[in-house]
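One file, run-v2.csv, carrying CSV, C-alpha atoms:
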```
chain,number,residue,atom,x,y,z
A,9,MET,CA,1.4,-16.2,11.2
A,10,ALA,CA,1.0,-12.7,12.5
A,11,GLU,CA,-2.1,-10.6,13.3
A,12,ILE,CA,-2.3,-7.0,12.2
A,13,PHE,CA,-4.8,-4.9,14.2
A,14,VAL,CA,-6.9,-2.9,11.7
A,15,GLY,CA,-9.3,-1.1,14.0
A,16,LYS,CA,-12.7,-1.3,15.6
A,17,LEU,CA,-15.6,-2.6,13.4
A,18,SER,CA,-17.6,0.4,14.4
A,19,GLU,CA,-15.0,2.7,12.8
A,20,PHE,CA,-15.8,1.3,9.3
A,21,ASP,CA,-18.4,2.8,7.0
A,22,SER,CA,-20.4,0.2,5.1
A,23,PRO,CA,-19.4,0.0,2.4
A,24,GLY,CA,-16.0,1.2,3.5
A,25,ARG,CA,-12.3,0.4,3.8
A,26,LYS,CA,-9.1,0.8,5.6
A,27,ILE,CA,-5.6,0.3,4.2
A,28,VAL,CA,-3.0,-1.2,6.6
A,29,THR,CA,0.7,-1.7,6.0
A,30,ARG,CA,2.9,-4.6,7.0
A,31,ASP,CA,6.6,-4.3,6.1
A,32,ASP,CA,6.5,-3.4,2.3
A,33,MET,CA,2.9,-4.7,1.7
A,34,GLU,CA,-0.3,-2.8,1.8
A,35,ILE,CA,-3.6,-4.6,2.6
A,36,GLY,CA,-7.1,-3.3,1.9
A,37,VAL,CA,-9.7,-4.2,4.5
A,38,PHE,CA,-13.3,-3.8,3.3
A,39,HIS,CA,-16.5,-3.7,5.3
A,40,ILE,CA,-19.5,-4.7,3.1
A,41,ASP,CA,-23.0,-5.8,4.2
A,42,GLY,CA,-21.8,-6.6,7.7
A,43,GLU,CA,-18.9,-8.7,6.5
A,44,VAL,CA,-15.1,-7.9,6.4
A,45,PHE,CA,-12.8,-8.9,3.6
A,46,ALA,CA,-9.0,-8.3,3.1
A,47,TYR,CA,-6.9,-8.3,0.0
A,48,GLU,CA,-3.3,-7.5,-1.0
A,49,ASN,CA,-3.4,-4.0,-2.5
A,50,THR,CA,-2.0,-5.1,-5.8
A,51,CYS,CA,-4.1,-5.4,-9.0
A,52,PRO,CA,-3.3,-8.6,-10.9
A,53,HIS,CA,-3.7,-6.7,-14.2
A,54,GLN,CA,-0.6,-4.4,-13.9
A,55,GLY,CA,0.2,-4.1,-10.2
A,56,GLY,CA,-1.9,-1.0,-9.4
A,57,PRO,CA,-3.1,0.0,-6.0
A,58,VAL,CA,-6.5,-1.6,-6.5
A,59,CYS,CA,-7.7,-1.3,-2.9
A,60,HIS,CA,-7.5,2.5,-3.1
A,61,GLY,CA,-10.1,2.5,-6.0
A,62,ARG,CA,-13.7,3.5,-5.9
A,63,ILE,CA,-16.2,1.3,-4.2
A,64,LEU,CA,-19.4,1.0,-6.2
A,65,LYS,CA,-22.2,-1.4,-7.1
A,66,LYS,CA,-21.7,-3.5,-10.2
A,67,VAL,CA,-23.2,-1.9,-13.3
A,68,GLU,CA,-25.7,-4.3,-15.1
A,69,GLU,CA,-27.4,-3.8,-18.4
A,70,ILE,CA,-31.2,-4.5,-18.5
A,71,ILE,CA,-32.0,-6.6,-21.6
A,72,ALA,CA,-35.5,-7.0,-22.8
A,73,LYS,CA,-37.0,-10.2,-24.2
A,74,ASP,CA,-36.4,-9.0,-27.7
A,75,LYS,CA,-32.7,-8.7,-26.8
A,76,THR,CA,-32.6,-4.9,-26.9
A,77,SER,CA,-31.0,-2.8,-24.1
A,78,LYS,CA,-33.3,-1.0,-21.8
A,79,GLY,CA,-30.6,0.9,-20.0
A,80,LEU,CA,-28.2,0.3,-17.1
A,81,THR,CA,-28.8,-0.2,-13.4
A,82,PHE,CA,-26.7,-0.8,-10.3
A,83,SER,CA,-26.7,-4.3,-8.8
A,84,SER,CA,-28.4,-4.8,-5.5
A,85,GLU,CA,-26.1,-7.8,-4.7
A,86,HIS,CA,-22.6,-7.1,-6.0
A,87,THR,CA,-20.2,-4.4,-4.7
A,88,HIS,CA,-17.0,-3.8,-6.6
A,89,VAL,CA,-13.7,-2.0,-6.1
A,90,VAL,CA,-12.3,-0.4,-9.2
A,91,CYS,CA,-8.5,-0.2,-9.7
A,92,PRO,CA,-7.6,3.5,-10.2
A,93,TRP,CA,-4.9,2.7,-12.8
A,94,HIS,CA,-6.9,0.9,-15.6
A,95,GLY,CA,-10.5,0.5,-14.3
A,96,PHE,CA,-10.3,-3.3,-13.6
A,97,GLU,CA,-13.2,-4.2,-11.3
A,98,PHE,CA,-13.2,-6.8,-8.6
A,99,ASN,CA,-16.1,-8.2,-6.5
A,100,ILE,CA,-15.2,-7.3,-2.9
A,101,LYS,CA,-16.8,-10.4,-1.5
A,102,THR,CA,-15.1,-12.9,-3.8
A,103,GLY,CA,-12.0,-10.9,-5.0
A,104,ARG,CA,-12.8,-12.0,-8.6
A,105,HIS,CA,-13.0,-9.9,-11.8
A,106,PRO,CA,-16.5,-10.2,-13.2
A,107,GLY,CA,-15.4,-10.9,-16.7
A,108,ASP,CA,-12.3,-13.0,-16.1
A,109,ARG,CA,-12.7,-15.6,-13.3
A,110,ASN,CA,-8.9,-16.3,-13.4
A,111,SER,CA,-8.2,-12.7,-12.4
A,112,VAL,CA,-8.4,-12.7,-8.6
A,113,LEU,CA,-7.1,-10.5,-5.8
A,114,THR,CA,-4.9,-12.1,-3.2
A,115,PRO,CA,-7.0,-12.6,-0.1
A,116,PHE,CA,-6.1,-12.6,3.6
A,117,GLU,CA,-8.0,-14.2,6.5
A,118,VAL,CA,-9.8,-11.7,8.7
A,119,LYS,CA,-10.5,-12.3,12.4
A,120,ILE,CA,-13.0,-10.3,14.5
A,121,ASN,CA,-12.6,-10.4,18.2
A,122,ASP,CA,-15.5,-8.5,19.8
A,123,GLU,CA,-15.2,-5.2,17.9
A,124,ASP,CA,-11.5,-5.6,17.0
A,125,VAL,CA,-10.7,-6.4,13.4
A,126,TYR,CA,-7.4,-8.3,12.6
A,127,VAL,CA,-5.9,-9.4,9.3
A,128,ILE,CA,-3.9,-12.7,9.5
A,129,VAL,CA,-0.6,-12.6,7.4
```
So, in terms of structure tokens, how does the structure I just supplied come out?
Amino acid sequence: MAEIFVGKLSEFDSPGRKIVTRDDMEIGVFHIDGEVFAYENTCPHQGGPVCHGRILKKVEEIIAKDKTSKGLTFSSEHTHVVCPWHGFEFNIKTGRHPGDRNSVLTPFEVKINDEDVYVIV
């Protein structure tokens, strides 16, 4: 197993990301809510560069007791990355698509040594 140096934790925005390359593979490294996550930059839908997509809070619909919609809001708990090719969303903390639990990004282990962030491949 090899370690890829990504950068200093203080260099990341939150939410934020860096893309690193190892041989022919790109890896997206995300900093969200004080945690760091890494995924192969390949969308399971059709192979798009998912980690280059927009980072945004999950959109949730507000449903009243009478089952009518009261509008949309952004989740305070779930941050997603949206694949730029076809709009598939994935929870950055879990790597899972919110509507299809079998659609998952390929994760990598992350190691933080002091301020240095590494991805284990």
Which one of A:Asp124, A:Glu117, A:Glu34, A:Asp108 sits closest to A:Phe13 if you count all atoms listed in the file?
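The shortest atom-to-atom distance to A:Phe13 comes from A:Asp124.
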Select, from A:Lys78, A:Val58, A:His39, A:Pro106, the residue with the minimum atom-to-atom distance to A:Lys16, counting only C-alpha atoms.
A:His39
Would you list the contacts of A:Thr81 as a count of residues only, taking every protein, DNA or RNA residue within 7 Å and counting all atoms listed in the file, but skipping same-chain residues closer than 4 positions in sequence?
3
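Residues surrounding A:Pro23 within 8 Å are Phe38, His39, Ile40, Asp41 and Ile63 of chain A [all atoms listed in the file; sequence separation below 6 positions excluded].
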Have a look at atom CA of A:Ile27 and atom CA of A:Val44 and let me know their distance in Å, one decimal.
12.7 Å
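Take atom CA of A:His105 and atom CA of A:His86: the distance between them is 11.6 Å.
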Nearest to A:Thr50 by atom-to-atom distance, counting all atoms listed in the file, from A:Val89, A:Ile35, A:Ile12, A:Leu80
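For A:Thr50, the nearest of the candidates is A:Ile35.
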Residue among A:Lys65, A:Glu11, A:Thr114, A:Val127 lying closest to A:Lys26, counting only C-alpha atoms:
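Ranked by minimum distance to A:Lys26, first place goes to A:Val127.
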Need to verify the contact set: A:Glu123, 8 Å, only C-alpha atoms, exclusion of same-chain residues closer than 3 positions in sequence. Can you return it as number ranges by chain?
A: 16-18, 120
Non-local contacts of A:Lys66 (8 Å; all atoms listed in the file; under 2 positions in same chain excluded) as a compact mmCIF listing (two decimals) with C-alpha atoms, in the coordinates of the input:
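Final output, result26.txt:
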```txt
# COMPACT_ATOMS: atom_id res chain seq x y z
CA LEU A 64 -19.40 1.00 -6.20
CA GLU A 68 -25.70 -4.30 -15.10
CA PHE A 82 -26.70 -0.80 -10.30
CA SER A 83 -26.70 -4.30 -8.80
CA HIS A 86 -22.60 -7.10 -6.00
CA THR A 87 -20.20 -4.40 -4.70
CA HIS A 88 -17.00 -3.80 -6.60
```
Tell me, in Å to one decimal, how far atom CA of A:Val118 is from atom CA of A:Phe20.
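Atom CA of A:Phe20 lies 14.3 Å from atom CA of A:Val118.
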